[in-house]
Amino acid sequence: MKIFPRATYRIQFHAGFGFDDTAGLADYLKALGVSHLYASPYLQAAPGSTHGYDVVDPGRINAELGGAEAHARLCTALRRCGLGQVLDVVPNHMAVTGSENRWWWDVLENGPASRYAPYFDIDWNPPEERIGKKLLLPVLGDHYGRVLEAGELRLAHRQGRFTIRYHDHRFPLRPESCSSLLDRAAADAVAAEINADVDALDRLLCAQHYRLAYWRAAAEDLNYRRFFAINELAALRIEDEAVLAETHRLILQWLGNGLLDGIRIDHPDGLRDPEQYFHRLRDVAPDAWIVVEKILHPGEALPETWPVEGTTGYDFLNQVGGLFIDPAGEKPLTELYAAFTGEPADYPAQAREKKLQVLKELLGSDVNRLTESMMRICERHRRFRDYTRSEVREALREAAACFPVYRTYVRPQIGGVREEDRRIIGQAVADAASNRPDIAPDLFDFIEDLLLLEKKGDSETDFAMRFQQLTGPVAAKGIEDTMFYCFNRFSALNEVGGDPSRFGMPVSAFHKAMSEAHRRHPSAMLATSTHDTKRSEDVRTRLALLSEIPEKWAEAVRRWSESNERYRKKDLPDRNAEYLFYQTLVGAWPIDAERAAAFMQKAAREAKMHTGWERPVPDYENALKAFVEAVFSDPAFVSDLEAFVAPLIEPGRINALSQTLIKLTAPGVPDLYQGTELWDLSLVDPDNRRPVDFALRRTLLDELSPLSPEDILARMDEGLPKLWLIRQALHLRRRRPALFGPEGSYRPLAAKGPKADHVAAFVRGGGAVSVAPRLVVGLHGDWADTVLELPAGQWYNLLTGDELEGGPVRLSEMLTRFPVGLLERGQ
């Protein structure tokens with residue numbers, strides 16, 4: 001029997017907040033009105049994991065969260081409260097540090113002969129012949145020879161087993177290489193003898209199935225596929241049915257026995273064939289609610305042949321957020337950004353540059369493996385065999401950088417290519433050829449033919465599939481993790497799945513998108529904050545106000561910059577970072593210097609312009625931190641900042657309430673990220689994973705029932721209006737689920753009057769109406785004679801208790817006692 005969630009609540013598990021802690025929240029979640037706990041991954045992860053996406057043993061429940069016994073107690077507590085469970089699943093990769101991952105350990109020990117070698121996406125014949133049929137492990141802090149001669153690599157013996165040790169790292173020995181060692185009586189003495197002889201230790205290391213290397217070697221020579229550019233997360237070959245069965249044994253068992261009602265699939269674009277994977281899941285779990293973390297570019301649609309309920313909601317997040325951005329602010333904000341920072345405002349050109357940057361600096365080994373594959377193909381096609389490796393590499397980089405979406409979904413087994421994929425590939429290759437006139441056009445034509453499966457052969461097919469697996473990481477690292485920290489024109493737009501060059505979304509376009517969502521994916525997840533968002537939902541809705549007051553904002557930025565110039569040293573930090581800093585303060589205030597400095601350091605490293613994760617620049621980072629601390633220590637600046645933010649707090653909260661109302665009632669399944677039932681002004685992780693005060697939330701929820709709307713609004717600073725709205729909307733969904741399910745229709749309601757453009761309203765299932773103000777600064781607190789035509793019947797405002805008759809209703813009357821409206825028609 002299918003049991004789809006009405007609403008989910010996301011919990012981030014970690015050692016400090018495990019199964020028993022969450023079990024204690026079951027009654028609170030029930031009272032709030034959600035139907036399902038939405039759990040972060042909780043299969044056995046690497047020691048000390050703070051997120052669970054680094055699974056080391058999919059056959060065990062994470063011991064740091066309480067293990068199997070505490071997990072059973074959690075499941076019992078949820079069932080007792082009538083709550084279901086949705087689990088985040090990671091099919092693309094596993095963590096491969098230490099000996100905790102016994103599959104990887106076995107591969108290191110036995111090489112290609114390991115039964116687990118086919119589980120991982122390893123190239124045992126890498127482009128670099130000097131590596132040989134070995135697995136490159138880029139873990140050393142310096143060149144191999146220097147590390148070896150410094151005595152940092154040691155042979156160790158414990159309990160009858162020899163291992164290689166390098167600081168906290170351990171590596172097994174190939175059985176054949178240590179058999180002679182085990183024959184000797186005094187193992188410790190043998191280890192000491194070999195450690196004293198650098199050449200002997202070198203010979204032993206060279207006899208292994210792996211090659212220890214300087215960590216920088218990963219940029220060019222790594223011969224296994226990773227999650228993005230994280231060496232410690234090795235990609236799985238989930239297309240192998242044995243791998244799927246073994247990695248998903250517990251998950252499928254839980255779906256089968258009803259312990260889980262649904263799963264969220266992490267990063268499906270990393271898989272060789274996502275659709276094949278989804279069909280296999282659906283075959284064994286026909287009733288499961290399956291949503292996928294597919295990042296859709298604006299205008300892109302989920303493939304209709306995927307047997308899933310929809311995405312995890314980043315597309316919705318950007319659509320609903322666009323309602324609160326005034327397109328009239330684009331020109332003045334663009335002019336301000338260009339004048340203040342000196343940075344170009346050409347987003348598409350910069351996006352291409354950042355993609356090319358990560359292709360070279362972070363994903364070079366992936367490009368090199370793809371280049372080698374194409375060189376072998378070219379050798380078999382006489383018209384292309386004389387192209388050099390450099391030409392092929394450059395053409396592939398350019399083509400990958402020009403893809404406007406994460407990836408295409410060409411599937412050789414269906415014998416054809418979707419028209420959408422054909423269009424994307426054609427446009428990307430054409431753009432690449434245009435950008436690189438120095439490369440012969442027929443080389444790009446050949447790449448296009450390969451990607452469209454026009455050239456037959458196993459190698460040709462494998463090339464096309466692997467190219468598709470490359471463009472996703474290029475988009476994620478080049479855009480989300482680089483460009484979004486460089487292009488700071490208006491940071492409210494720099495969100496996962498967003499396009500910062502698109503400024504706002506008209507109400508009519510939003511209604512069209514929601515109608516389409518209701519038709520195609522009425523049970524998809526709806527999100528506004530997640531563990532991966534760059535800014536929380538309430539930060540973005542406050543920042544959106546700047547699009548309505550660009551002149552005041554420009555005056556403030558210039559005034560602050562002039563005042564704070566004395567805190568810059570040698571022109572550091574740069575103006576782009578300074579501009580981002582001021583936006584961050586406005587969006588997240590009140591925030592302390594420590595949180596702000598941590599965010600700015602991360603933003604600077606992600607931007608990769610003046611410093612970076614791999615090569616930090618202390619002079620820049622110290623200047624940035626000193627600037628932040630000095631600004632926070634300036635009472636005059638803080639006073640000026642607070643005076644600027646003060647009039648934005650209330651309209652920002654109205655925006656937040658409108659956004660929350662729409663999420664709770666639009667087509668789909670709303671998700672609440674932990675803690676966001678109250679105002680939440682968090683930034684990117686780890687800031688958005690700070691401890692949540694659930695005792696406070698429980699207390700406030702208990703206090704709500706006897707309060708009037710006026711009492712609730714009087715406690716605005718505590719977050720009561722948001723909590724009240726969530727409780728009332730979720731209880732309505734619980735009481736009348738048919739209004740909001742797949743069968744519940746979606747119909748826009750158009751307002752009439754001078755302020756008609758300042759509201760988004762719609763009817764669900766003929767029995768519920770949502771009324772959400774937008775662009776509220778421009779309202780000036782006056783709806784004038786604007787009216788909303790309610791459908792016939794008797795309506796009850798669940799947020800105020802007021803009764804209304806169908807027909808024209810003045811918005812000034814409807815929204816007098818509470819900033820948004822949620823109406824239920826009498827039955």
# chains A, B, ... in the order shown; residues from 1 in each chain; ligands from 1

$ select_by_dssp --residues "region 173-317 of chain A" --states "alpha helix (DSSP H)" --output "NGL selection string"
:A and (175-182 or 187-195 or 198-206 or 218-221 or 241-247 or 249-257 or 274-284 or 314-317)

$ residues_around --residues "Pro742 (chain A)" --least-positions-apart "4" --cutoff "12 Å" --atoms "only C-alpha atoms" --output "list in words"
Phe4, Arg6, Glu309, Ser515, Ala517, His518, Arg519, Arg520, His521, Pro522, Ser523, Ala524, Ala666, Pro667, Gly668, Val669, Pro737, Ala738, Tyr746, Arg764 and Gly765 of chain A

$ write_last_selection --atoms "N, CA, C and O atoms" --output "PDB file, in the first residue's frame"
ATOM      1  N   PHE A   4       2.207   7.935   1.026  1.00  0.00           N
ATOM      2  CA  PHE A   4       3.013   9.103   0.703  1.00  0.00           C
ATOM      3  C   PHE A   4       2.934  10.108   1.846  1.00  0.00           C
ATOM      4  O   PHE A   4       1.892  10.275   2.483  1.00  0.00           O
ATOM      5  N   ARG A   6       2.475  13.527   3.977  1.00  0.00           N
ATOM      6  CA  ARG A   6       1.760  14.806   3.862  1.00  0.00           C
ATOM      7  C   ARG A   6       2.749  15.957   4.012  1.00  0.00           C
ATOM      8  O   ARG A   6       2.627  16.989   3.375  1.00  0.00           O
ATOM      9  N   GLU A 309       8.655  10.176  -7.857  1.00  0.00           N
ATOM     10  CA  GLU A 309       7.621  11.173  -7.552  1.00  0.00           C
ATOM     11  C   GLU A 309       8.044  12.581  -7.942  1.00  0.00           C
ATOM     12  O   GLU A 309       7.206  13.450  -8.145  1.00  0.00           O
ATOM     13  N   SER A 515       1.048  24.831 -11.887  1.00  0.00           N
ATOM     14  CA  SER A 515       0.068  24.018 -12.626  1.00  0.00           C
ATOM     15  C   SER A 515       0.761  22.863 -13.318  1.00  0.00           C
ATOM     16  O   SER A 515       0.250  21.733 -13.347  1.00  0.00           O
ATOM     17  N   ALA A 517       3.637  21.538 -12.338  1.00  0.00           N
ATOM     18  CA  ALA A 517       4.076  20.628 -11.278  1.00  0.00           C
ATOM     19  C   ALA A 517       2.929  19.735 -10.824  1.00  0.00           C
ATOM     20  O   ALA A 517       3.110  18.532 -10.588  1.00  0.00           O
ATOM     21  N   HIS A 518       1.736  20.312 -10.711  1.00  0.00           N
ATOM     22  CA  HIS A 518       0.573  19.517 -10.308  1.00  0.00           C
ATOM     23  C   HIS A 518       0.243  18.455 -11.341  1.00  0.00           C
ATOM     24  O   HIS A 518      -0.157  17.336 -11.000  1.00  0.00           O
ATOM     25  N   ARG A 519       0.452  18.779 -12.600  1.00  0.00           N
ATOM     26  CA  ARG A 519       0.152  17.815 -13.668  1.00  0.00           C
ATOM     27  C   ARG A 519       1.178  16.696 -13.720  1.00  0.00           C
ATOM     28  O   ARG A 519       0.826  15.529 -13.872  1.00  0.00           O
ATOM     29  N   ARG A 520       2.450  17.051 -13.555  1.00  0.00           N
ATOM     30  CA  ARG A 520       3.511  16.076 -13.788  1.00  0.00           C
ATOM     31  C   ARG A 520       3.992  15.402 -12.510  1.00  0.00           C
ATOM     32  O   ARG A 520       4.252  14.201 -12.491  1.00  0.00           O
ATOM     33  N   HIS A 521       4.160  16.178 -11.436  1.00  0.00           N
ATOM     34  CA  HIS A 521       4.761  15.625 -10.212  1.00  0.00           C
ATOM     35  C   HIS A 521       4.046  16.180  -8.980  1.00  0.00           C
ATOM     36  O   HIS A 521       4.620  16.951  -8.195  1.00  0.00           O
ATOM     37  N   PRO A 522       2.802  15.784  -8.769  1.00  0.00           N
ATOM     38  CA  PRO A 522       2.023  16.349  -7.659  1.00  0.00           C
ATOM     39  C   PRO A 522       2.486  15.912  -6.283  1.00  0.00           C
ATOM     40  O   PRO A 522       2.030  16.465  -5.281  1.00  0.00           O
ATOM     41  N   SER A 523       3.403  14.912  -6.232  1.00  0.00           N
ATOM     42  CA  SER A 523       3.881  14.431  -4.929  1.00  0.00           C
ATOM     43  C   SER A 523       5.374  14.654  -4.749  1.00  0.00           C
ATOM     44  O   SER A 523       6.018  13.987  -3.935  1.00  0.00           O
ATOM     45  N   ALA A 524       5.948  15.575  -5.509  1.00  0.00           N
ATOM     46  CA  ALA A 524       7.361  15.910  -5.334  1.00  0.00           C
ATOM     47  C   ALA A 524       7.570  16.626  -4.009  1.00  0.00           C
ATOM     48  O   ALA A 524       6.626  17.139  -3.408  1.00  0.00           O
ATOM     49  N   ALA A 666       1.186  24.476  -1.824  1.00  0.00           N
ATOM     50  CA  ALA A 666       1.372  24.288  -3.263  1.00  0.00           C
ATOM     51  C   ALA A 666       1.388  22.797  -3.601  1.00  0.00           C
ATOM     52  O   ALA A 666       1.484  21.951  -2.697  1.00  0.00           O
ATOM     53  N   PRO A 667       1.289  22.429  -4.866  1.00  0.00           N
ATOM     54  CA  PRO A 667       1.335  21.012  -5.252  1.00  0.00           C
ATOM     55  C   PRO A 667       2.658  20.367  -4.854  1.00  0.00           C
ATOM     56  O   PRO A 667       3.725  20.823  -5.272  1.00  0.00           O
ATOM     57  N   GLY A 668       2.570  19.342  -4.032  1.00  0.00           N
ATOM     58  CA  GLY A 668       3.767  18.656  -3.578  1.00  0.00           C
ATOM     59  C   GLY A 668       3.712  18.362  -2.095  1.00  0.00           C
ATOM     60  O   GLY A 668       2.697  18.570  -1.425  1.00  0.00           O
ATOM     61  N   VAL A 669       4.833  17.866  -1.581  1.00  0.00           N
ATOM     62  CA  VAL A 669       4.965  17.484  -0.170  1.00  0.00           C
ATOM     63  C   VAL A 669       5.943  18.450   0.491  1.00  0.00           C
ATOM     64  O   VAL A 669       7.136  18.426   0.197  1.00  0.00           O
ATOM     65  N   PRO A 737      -6.692  15.828   3.617  1.00  0.00           N
ATOM     66  CA  PRO A 737      -5.571  15.515   2.718  1.00  0.00           C
ATOM     67  C   PRO A 737      -5.937  15.557   1.233  1.00  0.00           C
ATOM     68  O   PRO A 737      -5.087  15.854   0.396  1.00  0.00           O
ATOM     69  N   ALA A 738      -7.182  15.275   0.901  1.00  0.00           N
ATOM     70  CA  ALA A 738      -7.574  15.230  -0.512  1.00  0.00           C
ATOM     71  C   ALA A 738      -7.429  16.595  -1.195  1.00  0.00           C
ATOM     72  O   ALA A 738      -7.238  16.666  -2.414  1.00  0.00           O
ATOM     73  N   TYR A 746      -5.333  22.618  -8.613  1.00  0.00           N
ATOM     74  CA  TYR A 746      -4.626  23.880  -8.361  1.00  0.00           C
ATOM     75  C   TYR A 746      -5.191  24.922  -9.306  1.00  0.00           C
ATOM     76  O   TYR A 746      -5.160  24.752 -10.525  1.00  0.00           O
ATOM     77  N   ARG A 764      -6.767  25.326  -3.659  1.00  0.00           N
ATOM     78  CA  ARG A 764      -6.411  23.912  -3.734  1.00  0.00           C
ATOM     79  C   ARG A 764      -7.642  23.050  -3.483  1.00  0.00           C
ATOM     80  O   ARG A 764      -8.337  23.204  -2.472  1.00  0.00           O
ATOM     81  N   GLY A 765      -7.900  22.160  -4.434  1.00  0.00           N
ATOM     82  CA  GLY A 765      -8.979  21.194  -4.290  1.00  0.00           C
ATOM     83  C   GLY A 765     -10.349  21.801  -4.114  1.00  0.00           C
ATOM     84  O   GLY A 765     -11.272  21.127  -3.637  1.00  0.00           O
TER      85      GLY A 765
END

$ select_by_dssp --residues "region 112-219 of chain A" --states "strand (DSSP E)" --output "number ranges by chain"
A: 135-140, 153-158, 161-166, 169-172, 210-214

$ atom_distance --atom1 "CA of Pro573 (chain A)" --atom2 "CA of Ala604 (chain A)"
9.8 Å

$ residues_around --residues "region 78-94 of chain A" --least-positions-apart "6" --cutoff "6 Å" --atoms "only C-alpha atoms" --output "list in words"
Ala26, Ser35, His36, Leu37, Tyr38, Ala39, Ser40, Pro41, Asp54, Val55, Val56, Leu233, Ala234, Ala235, Leu236, Leu260, Asp261, Gly262, Ile263, Arg264, Ile265 and Asp266 of chain A

$ residues_around --residues "Pro327 (chain A)" --least-positions-apart "3" --cutoff "12 Å" --atoms "only C-alpha atoms" --output "list in words"
Gly322, Leu323, Phe324, Glu330, Lys331, Pro332, Leu333, Thr334, Phe490, Ser501, Arg502, Phe503, Gly504, Met505, Pro506, Ala544, Leu545, Leu546, Ser547, Glu548, Ile549, Pro550 and Leu775 of chain A

$ residues_around --residues "region 491-496 of chain A" --least-positions-apart "6" --cutoff "7 Å" --atoms "only C-alpha atoms" --output "tab-separated table (two decimals) with N, CA and C atoms, in the first residue's frame"
chain	number	residue	atom	x	y	z
A	314	TYR	N	14.58	21.82	-5.08
A	314	TYR	CA	15.37	23.02	-5.37
A	314	TYR	C	14.74	23.84	-6.49
A	480	GLU	N	27.80	26.19	-8.51
A	480	GLU	CA	27.34	26.29	-7.12
A	480	GLU	C	28.48	26.57	-6.15
A	484	PHE	N	28.87	30.98	-7.60
A	484	PHE	CA	27.93	31.57	-6.65
A	484	PHE	C	28.62	32.36	-5.54
A	533	THR	N	21.60	24.35	1.26
A	533	THR	CA	21.32	25.70	0.74
A	533	THR	C	22.41	26.68	1.19
A	534	LYS	N	22.65	27.68	0.33
A	534	LYS	CA	23.71	28.65	0.61
A	534	LYS	C	23.29	29.63	1.71
A	540	ARG	N	17.12	34.68	2.72
A	540	ARG	CA	16.84	35.04	1.33
A	540	ARG	C	15.64	35.97	1.21
A	543	LEU	N	16.77	39.44	2.17
A	543	LEU	CA	17.62	40.01	1.13
A	543	LEU	C	16.82	40.42	-0.10
A	544	ALA	N	15.74	39.67	-0.38
A	544	ALA	CA	14.91	40.00	-1.55
A	544	ALA	C	14.41	41.43	-1.49

$ atom_distance --atom1 "CA of Ile194 (chain A)" --atom2 "CA of Gly145 (chain A)"
15.9 Å

$ residues_around --residues "Ala768 (chain A)" --least-positions-apart "5" --cutoff "9 Å" --atoms "only C-alpha atoms" --output "PyMOL selection string"
chain A and resi 665+732+739-740+762-763+795+822-825

$ write_last_selection --atoms "N, CA and C atoms" --output "mmCIF file, in the first residue's frame"
data_model
loop_
_atom_site.group_PDB
_atom_site.id
_atom_site.type_symbol
_atom_site.label_atom_id
_atom_site.label_comp_id
_atom_site.auth_asym_id
_atom_site.auth_seq_id
_atom_site.Cartn_x
_atom_site.Cartn_y
_atom_site.Cartn_z
ATOM 1 N N THR A 665 1.188 24.715 0.937
ATOM 2 C CA THR A 665 -0.097 24.480 0.268
ATOM 3 C C THR A 665 0.018 24.300 -1.241
ATOM 4 N N LEU A 732 -4.426 21.385 8.723
ATOM 5 C CA LEU A 732 -5.399 21.358 7.632
ATOM 6 C C LEU A 732 -5.079 20.232 6.660
ATOM 7 N N LEU A 739 -7.513 17.677 -0.411
ATOM 8 C CA LEU A 739 -7.378 19.011 -1.008
ATOM 9 C C LEU A 739 -5.994 19.228 -1.597
ATOM 10 N N PHE A 740 -4.992 18.569 -1.012
ATOM 11 C CA PHE A 740 -3.605 18.872 -1.362
ATOM 12 C C PHE A 740 -2.891 17.727 -2.063
ATOM 13 N N PHE A 762 -4.092 31.279 -4.615
ATOM 14 C CA PHE A 762 -4.563 30.125 -5.381
ATOM 15 C C PHE A 762 -5.499 29.285 -4.524
ATOM 16 N N VAL A 763 -6.270 28.443 -5.212
ATOM 17 C CA VAL A 763 -7.225 27.534 -4.567
ATOM 18 C C VAL A 763 -6.718 26.110 -4.724
ATOM 19 N N TRP A 795 -16.270 30.704 3.996
ATOM 20 C CA TRP A 795 -14.840 30.474 4.194
ATOM 21 C C TRP A 795 -14.440 30.855 5.608
ATOM 22 N N LEU A 822 -4.931 31.944 5.083
ATOM 23 C CA LEU A 822 -5.155 30.529 4.796
ATOM 24 C C LEU A 822 -6.625 30.245 5.104
ATOM 25 N N LEU A 823 -7.404 30.052 4.071
ATOM 26 C CA LEU A 823 -8.844 29.913 4.214
ATOM 27 C C LEU A 823 -9.288 28.494 3.907
ATOM 28 N N GLU A 824 -10.258 28.026 4.681
ATOM 29 C CA GLU A 824 -10.860 26.714 4.453
ATOM 30 C C GLU A 824 -12.343 26.902 4.193
ATOM 31 N N ARG A 825 -12.843 26.266 3.153
ATOM 32 C CA ARG A 825 -14.274 26.352 2.860
ATOM 33 C C ARG A 825 -15.021 25.356 3.733
#

$ closest_atom_pairs --of "region 435-527 of chain A" --to "region 269-280 of chain A" --cutoff "9 Å" --atoms "only C-alpha atoms" --output "Markdown table"
| residue | atom | partner | partner_atom | distance |
| --- | --- | --- | --- | --- |
| A:Met465 | CA | A:Arg272 | CA | 6.2 |
| A:Arg466 | CA | A:Arg272 | CA | 7.1 |
| A:Gln468 | CA | A:Arg272 | CA | 7.8 |
| A:Gln469 | CA | A:Gly270 | CA | 5.5 |
| A:Leu470 | CA | A:Gly270 | CA | 8.0 |
| A:Gly472 | CA | A:Asp269 | CA | 6.3 |
| A:Pro473 | CA | A:Gly270 | CA | 7.9 |

$ atom_distance --atom1 "CA of Gln413 (chain A)" --atom2 "CA of Phe467 (chain A)"
16.7 Å

$ closest_residue --among "A:Ala750, A:Ala476, A:Cys378, A:Leu155" --to "Lys355 (chain A)" --atoms "only C-alpha atoms"
A:Ala476

$ closest_residue --among "A:Thr305, A:Ser705, A:Gln350, A:Ser179" --to "Arg161 (chain A)" --atoms "only C-alpha atoms"
A:Ser179

$ decode --residues "region 12-24 of chain A" --atoms "C-alpha atoms" --output "tab-separated table (two decimals), in the first residue's frame"
chain	number	residue	atom	x	y	z
A	12	GLN	CA	20.55	15.98	10.52
A	13	PHE	CA	21.93	13.06	12.51
A	14	HIS	CA	25.42	13.13	14.01
A	15	ALA	CA	27.16	11.75	17.08
A	16	GLY	CA	25.84	14.63	19.18
A	17	PHE	CA	22.25	14.10	18.04
A	18	GLY	CA	21.37	10.47	17.46
A	19	PHE	CA	18.43	8.10	17.31
A	20	ASP	CA	17.37	8.48	20.94
A	21	ASP	CA	17.45	12.28	20.71
A	22	THR	CA	15.18	12.12	17.68
A	23	ALA	CA	12.89	9.56	19.28
A	24	GLY	CA	12.25	12.16	21.98
